[in-house]
>>> print(open('model.txt').read())   # compact mmCIF, C-alpha atoms
# COMPACT_ATOMS: atom_id res chain seq x y z
CA MET A 1 0.00 0.00 0.00
CA ARG A 2 1.55 3.28 -1.14
CA SER A 3 -1.21 5.89 -1.10
CA GLU A 4 -4.20 7.15 0.86
CA THR A 5 -6.32 6.04 -2.09
CA ASP A 6 -5.43 2.44 -1.24
CA LEU A 7 -6.53 2.98 2.36
CA VAL A 8 -9.83 4.53 1.29
CA ALA A 9 -10.48 1.68 -1.12
CA TRP A 10 -9.94 -0.86 1.66
CA ILE A 11 -12.71 0.70 3.76
CA ALA A 12 -15.02 1.25 0.76
CA ALA A 13 -14.77 -2.46 -0.07
CA GLY A 14 -17.02 -3.03 2.96
CA GLU A 15 -20.07 -1.62 1.17
CA LYS A 16 -22.90 -4.14 0.88
CA PRO A 17 -26.41 -4.07 -0.58
CA LYS A 18 -29.10 -4.09 2.09
CA ALA A 19 -29.94 -7.74 1.41
CA ASP A 20 -26.43 -8.63 2.55
CA TRP A 21 -26.36 -6.57 5.76
CA ARG A 22 -25.51 -8.66 8.80
CA ILE A 23 -25.29 -8.33 12.59
CA GLY A 24 -22.04 -9.15 14.39
CA THR A 25 -22.21 -9.09 18.19
CA GLU A 26 -19.26 -9.11 20.58
CA HIS A 27 -19.48 -9.52 24.35
CA GLU A 28 -16.93 -9.79 27.13
CA LYS A 29 -17.21 -11.35 30.58
CA PHE A 30 -15.08 -11.25 33.71
CA VAL A 31 -13.85 -14.70 34.72
CA PHE A 32 -13.50 -15.67 38.40
CA HIS A 33 -12.93 -18.68 40.63
CA THR A 34 -16.24 -19.46 42.27
CA ASP A 35 -14.74 -20.58 45.60
CA THR A 36 -12.40 -17.63 46.19
CA LEU A 37 -13.95 -14.94 43.95
CA THR A 38 -10.46 -14.21 42.62
CA PRO A 39 -9.61 -13.53 38.96
CA VAL A 40 -8.53 -16.49 36.85
CA PRO A 41 -4.89 -16.51 35.69
CA TYR A 42 -3.81 -17.87 32.34
CA GLU A 43 -1.91 -20.91 33.61
CA GLY A 44 -2.90 -23.63 36.07
CA GLU A 45 -5.36 -26.48 36.37
CA ARG A 46 -8.20 -23.96 36.73
CA GLY A 47 -6.74 -21.29 34.48
CA ILE A 48 -7.86 -19.61 31.27
CA ARG A 49 -5.78 -21.99 29.17
CA ALA A 50 -7.43 -24.97 30.84
CA LEU A 51 -10.83 -23.43 30.14
CA MET A 52 -10.01 -23.08 26.45
CA GLU A 53 -8.56 -26.58 26.25
CA GLN A 54 -11.78 -28.01 27.67
CA LEU A 55 -13.85 -26.01 25.17
CA MET A 56 -11.69 -27.51 22.42
CA ALA A 57 -12.12 -31.05 23.77
CA ARG A 58 -15.87 -30.87 24.30
CA TYR A 59 -17.27 -28.41 21.76
CA ASP A 60 -15.21 -28.61 18.58
CA TRP A 61 -13.18 -25.42 18.90
CA GLU A 62 -9.71 -25.13 17.39
CA PRO A 63 -6.77 -23.16 18.87
CA ILE A 64 -5.20 -19.98 17.59
CA LYS A 65 -1.70 -19.80 19.01
CA GLU A 66 0.98 -17.24 19.61
CA GLY A 67 4.09 -19.30 20.14
CA GLU A 68 3.04 -22.07 22.51
CA ASN A 69 0.20 -20.08 24.05
CA ILE A 70 -3.43 -20.54 23.05
CA ILE A 71 -4.70 -16.97 22.71
CA ALA A 72 -8.03 -17.56 20.92
CA LEU A 73 -10.36 -20.25 19.60
CA LYS A 74 -12.02 -20.63 16.22
CA ARG A 75 -14.43 -23.06 14.62
CA PRO A 76 -13.07 -25.56 12.09
CA ASP A 77 -12.80 -24.33 8.51
CA ALA A 78 -16.21 -23.94 6.84
CA ALA A 79 -18.02 -24.47 10.16
CA PRO A 80 -20.36 -21.66 11.26
CA GLY A 81 -19.52 -19.65 14.33
CA GLY A 82 -17.42 -16.79 15.59
CA THR A 83 -14.20 -16.70 17.59
CA ILE A 84 -13.37 -16.70 21.29
CA SER A 85 -10.59 -14.36 22.31
CA LEU A 86 -8.90 -13.02 25.43
CA GLU A 87 -8.83 -9.42 26.52
CA PRO A 88 -5.74 -8.22 28.44
CA GLY A 89 -6.98 -9.10 31.94
CA GLY A 90 -8.48 -12.44 30.96
CA GLN A 91 -11.90 -11.07 30.06
CA PHE A 92 -13.47 -13.81 27.92
CA GLU A 93 -14.95 -12.57 24.64
CA LEU A 94 -17.12 -14.07 21.96
CA SER A 95 -16.80 -12.27 18.64
CA GLY A 96 -19.93 -13.55 16.98
CA ALA A 97 -20.43 -14.52 13.38
CA PRO A 98 -22.17 -12.07 11.00
CA LEU A 99 -25.81 -13.15 11.24
CA ARG A 100 -29.00 -12.16 9.48
CA SER A 101 -31.37 -11.64 12.42
CA LEU A 102 -31.38 -10.92 16.12
CA HIS A 103 -33.01 -14.29 16.72
CA GLU A 104 -29.87 -15.91 15.32
CA THR A 105 -27.68 -13.60 17.40
CA CYS A 106 -29.41 -14.62 20.61
CA ALA A 107 -29.28 -18.30 19.70
CA GLU A 108 -25.53 -17.93 19.13
CA THR A 109 -25.14 -16.19 22.50
CA GLN A 110 -27.15 -18.86 24.27
CA GLU A 111 -25.06 -21.64 22.75
CA HIS A 112 -21.83 -19.88 23.74
CA LEU A 113 -23.00 -19.35 27.33
CA PHE A 114 -24.12 -22.98 27.60
CA GLU A 115 -20.67 -24.14 26.54
CA VAL A 116 -18.61 -21.86 28.77
CA LEU A 117 -20.87 -22.35 31.79
CA SER A 118 -20.82 -26.13 31.49
CA VAL A 119 -17.02 -26.18 31.25
CA GLY A 120 -16.69 -23.48 33.90
CA GLU A 121 -18.84 -25.43 36.36
CA ASP A 122 -16.45 -28.39 36.18
CA LEU A 123 -13.44 -26.11 36.72
CA GLY A 124 -15.00 -23.97 39.45
CA ILE A 125 -15.00 -20.95 37.15
CA GLY A 126 -17.78 -18.37 36.89
CA PHE A 127 -18.52 -15.48 34.53
CA LEU A 128 -19.64 -12.02 35.59
CA GLY A 129 -21.62 -9.57 33.47
CA VAL A 130 -20.91 -5.97 34.59
CA GLY A 131 -18.92 -3.19 32.94
CA PHE A 132 -16.01 -2.68 35.37
CA SER A 133 -14.21 -5.11 37.65
CA PRO A 134 -16.12 -4.61 40.92
CA LYS A 135 -13.56 -5.97 43.40
CA TRP A 136 -10.04 -6.62 42.10
CA THR A 137 -7.21 -4.11 42.07
CA LEU A 138 -5.15 -3.59 38.94
CA ASP A 139 -2.25 -5.43 40.56
CA GLU A 140 -4.47 -8.42 41.40
CA THR A 141 -5.69 -8.68 37.81
CA PRO A 142 -3.81 -11.27 35.72
CA ARG A 143 -2.19 -10.48 32.37
CA MET A 144 -2.72 -12.62 29.31
CA PRO A 145 0.32 -13.71 27.25
CA LYS A 146 -0.39 -11.76 24.06
CA ALA A 147 2.49 -9.71 22.68
CA ARG A 148 0.33 -6.86 21.40
CA TYR A 149 -0.96 -6.32 24.94
CA GLN A 150 2.61 -6.03 26.20
CA VAL A 151 3.21 -3.18 23.75
CA MET A 152 -0.02 -1.45 24.80
CA THR A 153 0.69 -1.94 28.51
CA ARG A 154 4.04 -0.19 28.17
CA TYR A 155 2.63 2.68 26.09
CA MET A 156 -0.73 3.38 27.78
CA PRO A 157 0.59 5.20 30.87
CA GLU A 158 2.40 7.66 28.56
CA VAL A 159 -0.83 8.91 27.00
CA GLY A 160 -3.56 8.65 29.65
CA ARG A 161 -4.22 8.09 33.34
CA ARG A 162 -6.71 5.23 32.97
CA GLY A 163 -5.45 3.26 29.96
CA LEU A 164 -4.48 0.21 32.00
CA ASP A 165 -7.86 0.23 33.73
CA MET A 166 -9.47 0.22 30.29
CA MET A 167 -7.39 -2.76 29.20
CA TYR A 168 -7.55 -4.88 32.32
CA ARG A 169 -10.69 -3.93 34.24
CA THR A 170 -13.50 -3.20 31.74
CA THR A 171 -15.94 -5.25 29.68
CA THR A 172 -18.37 -4.25 26.95
CA ILE A 173 -21.05 -5.41 24.56
CA GLN A 174 -20.59 -4.26 20.95
CA VAL A 175 -22.43 -4.70 17.68
CA ASN A 176 -20.93 -4.41 14.20
CA LEU A 177 -23.23 -3.22 11.42
CA ASP A 178 -22.97 -2.72 7.66
CA PHE A 179 -23.49 0.20 5.30
CA ALA A 180 -24.49 0.34 1.63
CA THR A 181 -22.68 3.43 0.33
CA GLU A 182 -20.42 6.20 1.54
CA ALA A 183 -23.44 8.43 2.14
CA ASP A 184 -25.17 5.66 4.08
CA MET A 185 -22.04 5.18 6.19
CA VAL A 186 -21.83 8.89 6.98
CA LYS A 187 -25.47 9.12 8.06
CA LYS A 188 -25.23 6.01 10.24
CA LEU A 189 -21.96 7.19 11.76
CA ARG A 190 -23.40 10.59 12.63
CA VAL A 191 -26.56 9.14 14.19
CA SER A 192 -24.72 6.48 16.15
CA LEU A 193 -22.08 8.90 17.46
CA ALA A 194 -24.73 11.37 18.62
CA LEU A 195 -26.78 8.64 20.30
CA GLN A 196 -23.91 6.62 21.75
CA PRO A 197 -24.23 8.39 25.14
CA ILE A 198 -27.88 7.30 25.24
CA ALA A 199 -26.78 3.68 24.86
CA THR A 200 -24.12 4.25 27.53
CA ALA A 201 -26.77 5.51 29.93
CA ILE A 202 -29.21 2.66 29.30
CA PHE A 203 -26.49 -0.01 29.66
CA ALA A 204 -24.68 1.52 32.65
CA SER A 205 -23.54 -1.29 34.95
CA SER A 206 -20.22 -0.29 36.49
CA PRO A 207 -20.73 1.59 39.78
CA PHE A 208 -18.08 -0.24 41.86
CA THR A 209 -14.30 -0.14 42.13
CA GLU A 210 -12.36 -2.36 44.54
CA GLY A 211 -15.46 -3.21 46.52
CA ARG A 212 -16.93 0.27 46.97
CA PRO A 213 -19.19 2.65 45.01
CA ASN A 214 -17.07 4.83 42.73
CA GLY A 215 -19.47 7.73 42.13
CA PHE A 216 -20.32 6.72 38.56
CA LYS A 217 -23.04 4.66 36.92
CA SER A 218 -20.69 3.73 34.05
CA LEU A 219 -17.11 3.93 35.23
CA ARG A 220 -16.17 1.97 32.10
CA SER A 221 -17.30 4.93 30.00
CA GLU A 222 -15.51 7.43 32.25
CA VAL A 223 -12.27 5.45 31.98
CA TRP A 224 -12.30 5.91 28.21
CA ARG A 225 -12.22 9.69 28.72
CA GLU A 226 -8.79 9.35 30.34
CA THR A 227 -7.25 6.64 28.16
CA ASP A 228 -5.74 8.32 25.09
CA LYS A 229 -7.49 11.39 23.73
CA ARG A 230 -5.90 11.05 20.29
CA ARG A 231 -7.68 7.74 19.63
CA THR A 232 -10.93 8.09 21.61
CA GLY A 233 -13.97 10.36 21.75
CA MET A 234 -16.89 11.67 19.73
CA LEU A 235 -15.10 12.55 16.45
CA PRO A 236 -16.52 16.05 15.85
CA PHE A 237 -15.14 16.09 12.27
CA VAL A 238 -17.72 13.44 11.31
CA PHE A 239 -20.43 16.12 11.44
CA GLU A 240 -18.57 18.56 9.20
CA ASP A 241 -19.20 19.09 5.50
CA GLY A 242 -17.13 16.81 3.30
CA MET A 243 -17.18 13.84 5.67
CA GLY A 244 -16.50 10.52 3.93
CA TYR A 245 -14.07 7.65 3.80
CA ALA A 246 -11.12 9.92 2.94
CA ARG A 247 -11.75 12.15 5.95
CA TYR A 248 -11.76 9.16 8.31
CA VAL A 249 -8.55 7.88 6.71
CA ASP A 250 -6.96 11.28 7.27
CA TYR A 251 -7.92 11.06 10.97
CA ALA A 252 -6.65 7.48 11.28
CA LEU A 253 -3.29 8.34 9.71
CA ASP A 254 -2.63 10.80 12.52
CA VAL A 255 -3.52 8.43 15.36
CA PRO A 256 -0.22 7.02 16.69
CA MET A 257 0.51 3.37 15.99
CA TYR A 258 1.06 0.62 18.57
CA PHE A 259 2.82 -2.15 16.64
CA VAL A 260 3.60 -3.81 13.31
CA TYR A 261 3.18 -7.58 13.00
CA ARG A 262 5.94 -9.25 10.96
CA ASP A 263 7.13 -12.86 10.73
CA GLY A 264 5.16 -13.99 13.76
CA ARG A 265 6.22 -11.21 16.11
CA TYR A 266 4.99 -7.79 17.17
CA ILE A 267 7.40 -4.92 16.58
CA ASP A 268 6.86 -2.13 19.10
CA VAL A 269 6.42 1.15 17.19
CA ALA A 270 4.13 2.80 19.75
CA GLY A 271 3.76 6.50 19.08
CA ALA A 272 4.99 6.29 15.49
CA SER A 273 3.02 7.67 12.54
CA PHE A 274 1.15 5.49 10.05
CA ARG A 275 1.52 8.41 7.67
CA ASP A 276 5.29 7.92 7.82
CA PHE A 277 4.81 4.16 7.40
CA LEU A 278 2.79 4.81 4.24
CA ALA A 279 5.68 6.86 2.89
CA GLY A 280 8.26 4.17 3.76
CA LYS A 281 9.72 6.39 6.50
CA LEU A 282 8.85 4.47 9.65
CA ALA A 283 11.91 4.89 11.87
CA ALA A 284 11.82 1.30 13.17
CA MET A 285 11.35 -0.16 9.66
CA PRO A 286 12.90 2.26 7.14
CA GLY A 287 12.10 1.56 3.51
CA GLU A 288 9.25 -0.83 4.35
CA TYR A 289 5.65 -0.11 3.38
CA PRO A 290 2.40 -1.21 5.06
CA THR A 291 0.24 -4.08 3.89
CA LEU A 292 -3.55 -4.37 3.97
CA ASP A 293 -3.18 -6.33 7.21
CA ASP A 294 -1.13 -3.51 8.75
CA TRP A 295 -3.90 -1.04 7.92
CA SER A 296 -6.57 -3.36 9.30
CA ASP A 297 -4.55 -3.84 12.49
CA HIS A 298 -4.05 -0.11 12.89
CA LEU A 299 -7.78 0.60 12.57
CA THR A 300 -8.45 -1.85 15.43
CA THR A 301 -6.27 0.31 17.69
CA LEU A 302 -8.52 3.36 17.26
CA PHE A 303 -11.09 3.59 20.04
CA PRO A 304 -13.69 6.28 19.27
CA GLU A 305 -17.25 5.88 20.51
CA VAL A 306 -18.10 4.47 17.06
CA ARG A 307 -15.33 2.91 14.98
CA LEU A 308 -15.25 2.64 11.20
CA LYS A 309 -13.55 -0.29 9.51
CA ARG A 310 -15.34 -2.20 6.76
CA PHE A 311 -18.38 -1.90 9.01
CA LEU A 312 -19.40 0.31 11.93
CA GLU A 313 -18.74 -0.76 15.53
CA MET A 314 -21.00 0.54 18.31
CA ARG A 315 -18.70 0.89 21.34
CA GLY A 316 -20.64 2.72 24.07
CA ALA A 317 -22.20 -0.02 26.21
CA ASP A 318 -21.07 -1.62 29.46
CA GLY A 319 -20.92 -5.39 29.70
CA GLY A 320 -24.02 -7.20 30.88
CA ARG A 321 -25.87 -10.49 31.14
CA TRP A 322 -27.69 -12.53 28.48
CA ARG A 323 -30.73 -10.30 27.92
CA ARG A 324 -28.51 -7.24 27.63
CA ILE A 325 -26.29 -8.98 25.10
CA CYS A 326 -29.34 -9.50 22.91
CA ALA A 327 -30.70 -6.02 23.59
CA LEU A 328 -27.66 -4.01 22.48
CA PRO A 329 -27.73 -5.17 18.84
CA ALA A 330 -31.54 -4.86 18.86
CA PHE A 331 -31.25 -1.22 19.93
CA TRP A 332 -28.91 -0.33 17.06
CA VAL A 333 -30.39 -2.56 14.34
CA GLY A 334 -33.78 -0.95 14.92
CA LEU A 335 -32.26 2.49 14.48
CA LEU A 336 -29.82 1.92 11.62
CA TYR A 337 -31.17 -0.92 9.46
CA ASP A 338 -34.55 0.65 8.70
CA GLU A 339 -34.57 3.79 6.54
CA THR A 340 -37.59 5.37 8.25
CA SER A 341 -36.04 4.90 11.69
CA LEU A 342 -32.67 6.18 10.52
CA ASP A 343 -34.35 9.31 9.17
CA ALA A 344 -36.25 9.78 12.43
CA ALA A 345 -33.10 9.33 14.50
CA TRP A 346 -31.25 11.86 12.35
CA ASP A 347 -34.10 14.34 12.74
CA LEU A 348 -33.76 13.92 16.51
CA VAL A 349 -30.03 14.67 16.67
CA LYS A 350 -29.17 16.83 13.67
CA SER A 351 -29.59 20.14 15.55
CA TRP A 352 -27.31 19.09 18.41
CA THR A 353 -24.12 21.11 18.50
CA GLU A 354 -20.62 19.75 18.94
CA GLU A 355 -20.56 21.26 22.43
CA GLU A 356 -23.86 19.64 23.35
CA ARG A 357 -22.77 16.22 22.08
CA GLU A 358 -19.53 16.45 24.03
CA ALA A 359 -21.22 17.65 27.21
CA LEU A 360 -23.73 14.82 26.99
CA ARG A 361 -21.01 12.22 26.53
CA ASN A 362 -19.06 13.63 29.49
CA ALA A 363 -22.03 13.78 31.87
CA VAL A 364 -23.63 10.40 31.19
CA PRO A 365 -21.01 8.21 32.94
CA ARG A 366 -21.92 9.77 36.27
CA GLU A 367 -25.65 10.42 35.95
CA ALA A 368 -26.81 7.89 33.29
CA LEU A 369 -30.55 8.28 32.65
CA ALA A 370 -30.82 11.23 35.05
CA THR A 371 -28.48 13.37 32.92
CA ARG A 372 -30.00 16.68 31.87
CA PHE A 373 -29.98 17.65 28.18
CA ARG A 374 -31.49 20.90 26.93
CA GLU A 375 -34.95 21.05 28.51
CA THR A 376 -35.25 17.32 29.10
CA THR A 377 -33.40 14.29 30.47
CA VAL A 378 -31.57 11.36 28.94
CA GLN A 379 -34.36 9.17 30.27
CA GLU A 380 -36.87 10.99 28.06
CA LEU A 381 -34.50 10.96 25.11
CA ALA A 382 -33.98 7.24 25.61
CA ARG A 383 -37.73 6.71 25.63
CA GLU A 384 -38.01 8.39 22.23
CA VAL A 385 -34.97 6.58 20.79
CA LEU A 386 -36.37 3.22 21.91
CA ARG A 387 -39.70 4.10 20.28
CA ILE A 388 -37.87 4.73 16.99
CA SER A 389 -35.85 1.52 17.33
CA HIS A 390 -38.95 -0.52 18.21
CA ALA A 391 -40.70 0.71 15.08
CA GLY A 392 -37.68 -0.12 12.94
CA LEU A 393 -37.51 -3.67 14.28
CA ARG A 394 -41.24 -4.08 13.73
CA ARG A 395 -40.88 -3.07 10.09
CA ARG A 396 -38.02 -5.54 9.57
CA GLN A 397 -40.47 -8.40 10.16
CA GLN A 398 -37.82 -10.92 11.15
CA LEU A 399 -39.86 -13.62 12.91
CA ASN A 400 -38.90 -16.56 15.07
CA ARG A 401 -40.70 -19.91 15.22
CA LYS A 402 -43.31 -18.41 17.55
CA SER A 403 -43.99 -15.63 15.01
CA GLN A 404 -42.42 -13.07 17.35
CA ASP A 405 -40.50 -10.23 15.75
CA GLU A 406 -37.22 -8.76 16.98
CA THR A 407 -38.87 -6.17 19.23
CA ILE A 408 -38.92 -8.80 22.00
CA PHE A 409 -35.23 -8.12 22.58
CA LEU A 410 -35.84 -4.47 23.53
CA SER A 411 -37.99 -5.36 26.55
CA PRO A 412 -35.26 -5.09 29.24
CA LEU A 413 -34.27 -1.67 27.91
CA GLU A 414 -37.85 -0.45 27.73
CA ALA A 415 -38.39 -1.57 31.32
CA ALA A 416 -35.23 0.18 32.52
CA VAL A 417 -36.10 3.43 30.76
CA ALA A 418 -39.69 3.36 31.99
CA SER A 419 -38.53 2.99 35.58
CA GLY A 420 -35.46 5.21 35.27
CA ARG A 421 -33.37 2.46 36.89
CA THR A 422 -30.28 1.13 35.17
CA VAL A 423 -28.41 -2.00 36.18
CA ALA A 424 -26.02 0.34 38.02
CA ASP A 425 -28.92 1.72 40.06
CA GLU A 426 -30.05 -1.81 40.88
CA LEU A 427 -26.53 -2.78 41.94
CA LEU A 428 -26.20 0.25 44.20
CA GLU A 429 -29.60 -0.36 45.79
CA ARG A 430 -28.60 -3.91 46.64
CA PHE A 431 -25.17 -2.86 47.90
CA HIS A 432 -26.67 -0.33 50.32
CA GLY A 433 -29.60 -2.62 51.16
CA PRO A 434 -29.63 -6.41 51.39
CA TRP A 435 -25.91 -6.81 50.63
CA ASN A 436 -24.99 -4.67 53.66
CA GLY A 437 -22.05 -3.15 51.84
CA ARG A 438 -20.52 -6.51 50.86
CA ILE A 439 -19.50 -6.60 47.21
CA ASP A 440 -19.05 -10.39 47.10
CA HIS A 441 -22.80 -10.80 46.52
CA VAL A 442 -22.35 -9.45 43.00
CA PHE A 443 -20.58 -12.67 41.99
CA ALA A 444 -23.69 -14.68 42.78
CA GLU A 445 -26.48 -12.35 41.72
CA PHE A 446 -24.95 -10.89 38.55
CA ALA A 447 -23.02 -13.86 37.26
CA PHE A 448 -24.20 -15.67 34.13
>>> encode(input="model.txt", output="structure tokens")
Amino acid sequence: MRSETDLVAWIAAGEKPKADWRIGTEHEKFVFHTDTLTPVPYEGERGIRALMEQLMARYDWEPIKEGENIIALKRPDAAPGGTISLEPGGQFELSGAPLRSLHETCAETQEHLFEVLSVGEDLGIGFLGVGFSPKWTLDETPRMPKARYQVMTRYMPEVGRRGLDMMYRTTTIQVNLDFATEADMVKKLRVSLALQPIATAIFASSPFTEGRPNGFKSLRSEVWRETDKRRTGMLPFVFEDGMGYARYVDYALDVPMYFVYRDGRYIDVAGASFRDFLAGKLAAMPGEYPTLDDWSDHLTTLFPEVRLKRFLEMRGADGGRWRRICALPAFWVGLLYDETSLDAAWDLVKSWTEEEREALRNAVPREALATRFRETTVQELAREVLRISHAGLRRRQQLNRKSQDETIFLSPLEAAVASGRTVADELLERFHGPWNGRIDHVFAEFAF
């Protein structure tokens, strides 16, 4: 790859006709020993590696290795299914396959949870669905043997106060969605960026740090504000005239790199410029030019609230349990995969200023649904956004065997918004009530 045109073309190759749009859902879980409530290390008879080896033995997964270490699992060639991967602190992630309907997404999630829970029960391992590690310190949290994480761990403290917390002590639910054209991408990106704080508020589930309330409803979201400002945030340029693939490429070229993968090893180039790499002037690799894989890898190291690759990634939600995993893609599919709903969502947000969008994003981690916006609250905005999403899912007419459409997956969100109580509010009520200030109860009541 020698020019920005090549980089633009790589992203544009993701365009798909509506008939080929799919839903890819990712969800992470904290992993703990059920007897001691301690985090699970990589090695050992009850470690992360043992968990993956048992999944291989019992459920037809195959290893992806880095040296001698199993760092991920995949299905056999030509078999349907996603991949299982490890986040830096051992958070266990399913990156789901691109699926046609939310019914398929939830079936995939249910199958995955059945497998990991059945293996975990035999190993004395449990899985927790909240957005920030509620008990363990950073020092207590294990580190997974992936070379790219070693590069990031060294570099993160240079560019932000909470980067290591982001890596080792957060979990999320994400959904990846398609676009048809450049104009379609731009409209979806603008709507989803503006509304990402609404999703953050609805999914807030991270009010504890090291056993005590931390003053936030979504500490996971707050942590991102202090991770690395050059690669995070609300991307105000997206709302400017002339936005398109080339403008995003221009932004990405100026986000510092982490690494280059060559010959089975990660070369630490943290802080270097991809723009220099494109010109063959990367100091650590003079005269060498990037490949398509290098560009793809670099785009995965950008962490805005919505990320553009060959699809759009919704990145604003805390981790959660099964119904929340199904609800997050439902929320965004209803808004973005139906033209009438997309138009309605754009009408809702198009007058919001850059300052208002930024203020909303900054306030939501602490106040969630109670956040004030203009003359209303995020709770009322969320009610309207859910109404738009519900209508979009209804019009999609994707039915299950019981002739139910995809709106069934919005029910936990609609209940939360109607009551004004997020998962974080529920957790805090229990902590100050029946739990008597003892955080250990979370591992029983909010585990999968």
>>> atom_distance(input="model.txt", atom1="CA of Val378 in chain A", atom2="CA of Ser221 in chain A")
15.7 Å
>>> residues_near_point(input="model.txt", point="(-28.7, -17.0, 15.3)", cutoff="12 Å", atoms="only C-alpha atoms", output="list of chain:residue names")
A:Arg22, A:Ile23, A:Gly24, A:Thr25, A:Pro80, A:Gly81, A:Gly82, A:Gly96, A:Ala97, A:Pro98, A:Leu99, A:Arg100, A:Ser101, A:Leu102, A:His103, A:Glu104, A:Thr105, A:Cys106, A:Ala107, A:Glu108, A:Thr109, A:Gln110, A:Glu111, A:His112, A:Cys326, A:Gln398, A:Leu399, A:Asn400, A:Glu406
>>> write_last_selection(input="model.txt", atoms="C-alpha atoms", output="PDB file, keeping the file's coordinate frame")
ATOM      1  CA  ARG A  22     -25.510  -8.660   8.800  1.00  0.00           C
ATOM      2  CA  ILE A  23     -25.290  -8.330  12.590  1.00  0.00           C
ATOM      3  CA  GLY A  24     -22.040  -9.150  14.390  1.00  0.00           C
ATOM      4  CA  THR A  25     -22.210  -9.090  18.190  1.00  0.00           C
ATOM      5  CA  PRO A  80     -20.360 -21.660  11.260  1.00  0.00           C
ATOM      6  CA  GLY A  81     -19.520 -19.650  14.330  1.00  0.00           C
ATOM      7  CA  GLY A  82     -17.420 -16.790  15.590  1.00  0.00           C
ATOM      8  CA  GLY A  96     -19.930 -13.550  16.980  1.00  0.00           C
ATOM      9  CA  ALA A  97     -20.430 -14.520  13.380  1.00  0.00           C
ATOM     10  CA  PRO A  98     -22.170 -12.070  11.000  1.00  0.00           C
ATOM     11  CA  LEU A  99     -25.810 -13.150  11.240  1.00  0.00           C
ATOM     12  CA  ARG A 100     -29.000 -12.160   9.480  1.00  0.00           C
ATOM     13  CA  SER A 101     -31.370 -11.640  12.420  1.00  0.00           C
ATOM     14  CA  LEU A 102     -31.380 -10.920  16.120  1.00  0.00           C
ATOM     15  CA  HIS A 103     -33.010 -14.290  16.720  1.00  0.00           C
ATOM     16  CA  GLU A 104     -29.870 -15.910  15.320  1.00  0.00           C
ATOM     17  CA  THR A 105     -27.680 -13.600  17.400  1.00  0.00           C
ATOM     18  CA  CYS A 106     -29.410 -14.620  20.610  1.00  0.00           C
ATOM     19  CA  ALA A 107     -29.280 -18.300  19.700  1.00  0.00           C
ATOM     20  CA  GLU A 108     -25.530 -17.930  19.130  1.00  0.00           C
ATOM     21  CA  THR A 109     -25.140 -16.190  22.500  1.00  0.00           C
ATOM     22  CA  GLN A 110     -27.150 -18.860  24.270  1.00  0.00           C
ATOM     23  CA  GLU A 111     -25.060 -21.640  22.750  1.00  0.00           C
ATOM     24  CA  HIS A 112     -21.830 -19.880  23.740  1.00  0.00           C
ATOM     25  CA  CYS A 326     -29.340  -9.500  22.910  1.00  0.00           C
ATOM     26  CA  GLN A 398     -37.820 -10.920  11.150  1.00  0.00           C
ATOM     27  CA  LEU A 399     -39.860 -13.620  12.910  1.00  0.00           C
ATOM     28  CA  ASN A 400     -38.900 -16.560  15.070  1.00  0.00           C
ATOM     29  CA  GLU A 406     -37.220  -8.760  16.980  1.00  0.00           C
TER      30      GLU A 406
END
>>> closest_residue(input="model.txt", among="A:Thr340, A:Ser192, A:Ser273, A:Ser3", to="Arg357 in chain A", atoms="only C-alpha atoms")
A:Ser192
>>> residues_around(input="model.txt", residues="Pro236 in chain A", least_positions_apart="5", cutoff="10 Å", atoms="only C-alpha atoms", output="NGL selection string")
:A and (190 or 193-194 or 353-355 or 357-358)
>>> closest_residue(input="model.txt", among="A:Arg275, A:Lys18, A:Arg307, A:Arg169", to="Glu210 in chain A", atoms="only C-alpha atoms")
A:Arg169
>>> axis_aligned_box(input="model.txt", around="range 56-67 of chain A", padding_each_side="4 Å", output="JSON")
{"center_x": -6.6, "center_y": -24.1, "center_z": 20.8, "size_x": 29.4, "size_y": 21.8, "size_z": 14.9}
>>> residues_around(input="model.txt", residues="Ile84 in chain A", least_positions_apart="2", cutoff="6 Å", atoms="all atoms listed in the file", output="list in words")
Ala72, Leu73, Glu93 and Leu94 of chain A
>>> write_last_selection(input="model.txt", atoms="C-alpha atoms", output="PDB file, keeping the file's coordinate frame")
ATOM      1  CA  ALA A  72      -8.030 -17.560  20.920  1.00  0.00           C
ATOM      2  CA  LEU A  73     -10.360 -20.250  19.600  1.00  0.00           C
ATOM      3  CA  GLU A  93     -14.950 -12.570  24.640  1.00  0.00           C
ATOM      4  CA  LEU A  94     -17.120 -14.070  21.960  1.00  0.00           C
TER       5      LEU A  94
END
>>> closest_atom_pairs(input="model.txt", of="range 38-126 of chain A", to="range 137-149 of chain A", cutoff="12 Å", atoms="only C-alpha atoms", output="Markdown table")
| residue | atom | partner | partner_atom | distance |
| --- | --- | --- | --- | --- |
| A:Thr38 | CA | A:Glu140 | CA | 8.4 |
| A:Pro39 | CA | A:Thr141 | CA | 6.3 |
| A:Val40 | CA | A:Pro142 | CA | 7.1 |
| A:Pro41 | CA | A:Pro142 | CA | 5.4 |
| A:Tyr42 | CA | A:Met144 | CA | 6.2 |
| A:Glu43 | CA | A:Met144 | CA | 9.4 |
| A:Gly47 | CA | A:Pro142 | CA | 10.5 |
| A:Ile48 | CA | A:Met144 | CA | 8.9 |
| A:Arg49 | CA | A:Met144 | CA | 9.9 |
| A:Ile64 | CA | A:Lys146 | CA | 11.5 |
| A:Lys65 | CA | A:Lys146 | CA | 9.6 |
| A:Glu66 | CA | A:Lys146 | CA | 7.2 |
| A:Gly67 | CA | A:Lys146 | CA | 9.6 |
| A:Glu68 | CA | A:Pro145 | CA | 10.0 |
| A:Asn69 | CA | A:Pro145 | CA | 7.1 |
| A:Ile70 | CA | A:Pro145 | CA | 8.9 |
| A:Ile71 | CA | A:Lys146 | CA | 6.9 |
| A:Ala72 | CA | A:Lys146 | CA | 10.1 |
| A:Ser85 | CA | A:Lys146 | CA | 10.7 |
| A:Leu86 | CA | A:Met144 | CA | 7.3 |
| A:Glu87 | CA | A:Met144 | CA | 7.4 |
| A:Pro88 | CA | A:Met144 | CA | 5.4 |
| A:Gly89 | CA | A:Arg143 | CA | 5.0 |
| A:Gly90 | CA | A:Met144 | CA | 6.0 |
| A:Gln91 | CA | A:Met144 | CA | 9.3 |
| A:Phe92 | CA | A:Met144 | CA | 10.9 |
